[in-house]
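Reviewing the structure listed below.
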Amino acid sequence: MQPDESTSGGISDSVISGDVHHHHYQPNITPAPQNVQPQSVMIDPNAGHSQIQQQTVMIDPNTGLPQNVIFIQQPSAGPKVVGILIIVFGVITIIGEVFNIGDTIALGGLFIVLSVANVGISGGLIAGGAMMTNYQKRGVHLSLLMIVISTIIGVVSLTMMPGMLDDLAEEEGLSDQEREELDQLSGAVVGFGAIFLVLCNGICGLIIAIPLMITNNGLDDSSLLG
C-alpha cells in the first residue's frame with residue numbers, strides 16, 4: 001500500500017496564477033521647504049505649562065533668505081577723506097602765515113588783520129574737518145561757512161587795493177602817467193583776482209559738500225544752529 005501523496009509530510013507545489021507585482025522601494029525624499037516655521041515657546045502662567053506657537057517666515061526664492069532680512073551697509077568713507085583733506089589744508093595755511101609773520105608785521109595795519117582772519121578761518125576749517133571725520137554733518141556746515149567768510153574777506157581786500165596803490169604812488173613820487181598806468185593795472189588785478197578767488201573758493205565749497213551728495217554718507221543730523 002502506497003501513502004497518499006496529498007497527505008504526505010512533504011512540501012507540495014503550489015501554482016500561483018495572475019499577475020505578479022514587483023514592489024520597488026524608493027528612498028523617501030522630502031523636498032526642501034520654502035517656508036521655515038520656527039517655533040516659539042510661550043509660558044502660560046495660569047496653566048503652568050508651555051505652549052508652542054508656530055510662526056511663518058517667508059523665504060525669498062531668489063536669495064534663499066527670509067524676506068524681512070534687512071542688510072545694513074557700512075557708511076561711505078567720503079566724509080572721512082574730505083575731512084582729512086580739509087584738516088591738511090587748514091594746517092598748511094596756518095604754517096604759511098607763521099612763516100610770513102615777519103613781513104606781515106612789517107606791512108602792518110590791514111595785513112595784520114587779514115593774517116589774523118586767515119588763521120581764524122583755518123582753525124574753523126580744521127575743526128570742521130575733525131567733525132566730518134566723526135560723521136557729524138555740522139562739520140560740513142562749519143567748513144562751508146569758513147569758505148564763505150574767506151570769500152567775502154578776499155573780495156573786500158581786493159576792492160581796497162586801488163587805495164593802497166595810490167598811497168604807494170604818493171610815497172614813491174610817481175608821475176601822472178605812471179599813476180594812470182598803475183590805476184589801470186590795479187583795476188585789472190582787482191577784476192581777475194575777484195574772479196579767480198570766487199572760482200577757487202567755489203571749487204573748494206563743492207569738494208566740501210561732496211559728503212552731502214553721497215547716498216550712504218553716514219552723517220548724523222547735527223547742525224550748527226541746533
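Following the order of the C-alpha cells, chains are lettered A, B, ..., residues in each are numbered from 1, and ligands are numbered from 1.
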
A:Ile210 environment, 12 Å, only C-alpha atoms, sequence neighbours closer than 6 positions dropped, as a count of residues only: 18

Spatial neighbours of A:Gly96, max dist 12 Å, only C-alpha atoms, sep filter under 6 positions, as a PyMOL selection string: chain A and resi 89-90+102-104+115+118-119+122

Please write the residues from the selection above to a file, keeping N, CA and C atoms, as a PDB file, in the first residue's frame.
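Below is the file that was written, result.pdb:
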```pdb
ATOM      1  N   PHE A  89      44.657 121.116   4.647  1.00  0.00           N
ATOM      2  CA  PHE A  89      44.661 122.456   4.055  1.00  0.00           C
ATOM      3  C   PHE A  89      44.730 123.535   5.135  1.00  0.00           C
ATOM      4  N   GLY A  90      43.956 123.362   6.203  1.00  0.00           N
ATOM      5  CA  GLY A  90      43.983 124.337   7.288  1.00  0.00           C
ATOM      6  C   GLY A  90      45.338 124.417   7.971  1.00  0.00           C
ATOM      7  N   GLY A 102      56.776 137.822   9.859  1.00  0.00           N
ATOM      8  CA  GLY A 102      57.687 138.969   9.858  1.00  0.00           C
ATOM      9  C   GLY A 102      57.276 140.005   8.832  1.00  0.00           C
ATOM     10  N   ASP A 103      56.991 139.572   7.590  1.00  0.00           N
ATOM     11  CA  ASP A 103      56.552 140.509   6.549  1.00  0.00           C
ATOM     12  C   ASP A 103      55.197 141.122   6.890  1.00  0.00           C
ATOM     13  N   THR A 104      54.332 140.324   7.499  1.00  0.00           N
ATOM     14  CA  THR A 104      53.008 140.841   7.850  1.00  0.00           C
ATOM     15  C   THR A 104      53.115 141.962   8.878  1.00  0.00           C
ATOM     16  N   SER A 115      45.864 138.608   8.200  1.00  0.00           N
ATOM     17  CA  SER A 115      46.578 137.417   8.655  1.00  0.00           C
ATOM     18  C   SER A 115      45.856 136.753   9.822  1.00  0.00           C
ATOM     19  N   ASN A 118      42.812 135.001   8.491  1.00  0.00           N
ATOM     20  CA  ASN A 118      43.153 133.750   7.812  1.00  0.00           C
ATOM     21  C   ASN A 118      43.445 132.629   8.813  1.00  0.00           C
ATOM     22  N   VAL A 119      44.121 132.983   9.899  1.00  0.00           N
ATOM     23  CA  VAL A 119      44.390 131.968  10.929  1.00  0.00           C
ATOM     24  C   VAL A 119      43.088 131.488  11.559  1.00  0.00           C
ATOM     25  N   SER A 122      41.300 129.234   9.086  1.00  0.00           N
ATOM     26  CA  SER A 122      41.967 127.933   9.022  1.00  0.00           C
ATOM     27  C   SER A 122      41.640 127.082  10.245  1.00  0.00           C
TER      28      SER A 122
END
```

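Residue nearest A:Ala188 within the list A:Ile214, A:Leu114, A:Ile207, A:Met161: A:Met161 [criterion: smallest interatomic distance, only C-alpha atoms].
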
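In this structure, atom CA of A:Tyr135 sits 12.4 Å away from atom CA of A:Gln74.
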
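Straight-line separation from atom CA of A:Glu180 to atom CA of A:Ile152: 28.0 Å.
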
Between atom CA of A:Ile94 and atom CA of A:Met213 - distance in Å to one decimal: 29.0 Å

Residues near A:Ile147, cut-off 7 Å, only C-alpha atoms, skip fewer than 4 positions along chain, as a VMD selection string: chain A and resid 143 151 201 205

Long-range neighbours of A:Gly139 as JSON, numbers by chain, 9 Å cut-off, only C-alpha atoms, 6 positions minimum in chain: {"A": [83, 125, 127, 128, 129, 130, 131, 132, 133, 222, 223, 224]}

Mind dumping the selected residues with C-alpha atoms as a PDB file, in the first residue's frame?
```pdb
ATOM      1  CA  GLY A  83      37.579 115.877   6.401  1.00  0.00           C
ATOM      2  CA  LEU A 125      38.316 124.529   8.754  1.00  0.00           C
ATOM      3  CA  ALA A 127      37.521 121.972  13.459  1.00  0.00           C
ATOM      4  CA  GLY A 128      35.022 121.303  10.669  1.00  0.00           C
ATOM      5  CA  GLY A 129      37.257 118.646   9.135  1.00  0.00           C
ATOM      6  CA  ALA A 130      37.610 116.920  12.508  1.00  0.00           C
ATOM      7  CA  MET A 131      33.818 116.848  12.857  1.00  0.00           C
ATOM      8  CA  MET A 132      33.471 115.366   9.376  1.00  0.00           C
ATOM      9  CA  THR A 133      35.857 112.535  10.214  1.00  0.00           C
ATOM     10  CA  SER A 222      23.671 117.579  13.796  1.00  0.00           C
ATOM     11  CA  SER A 223      23.673 121.228  12.749  1.00  0.00           C
ATOM     12  CA  LEU A 224      25.425 124.453  13.705  1.00  0.00           C
TER      13      LEU A 224
END
```
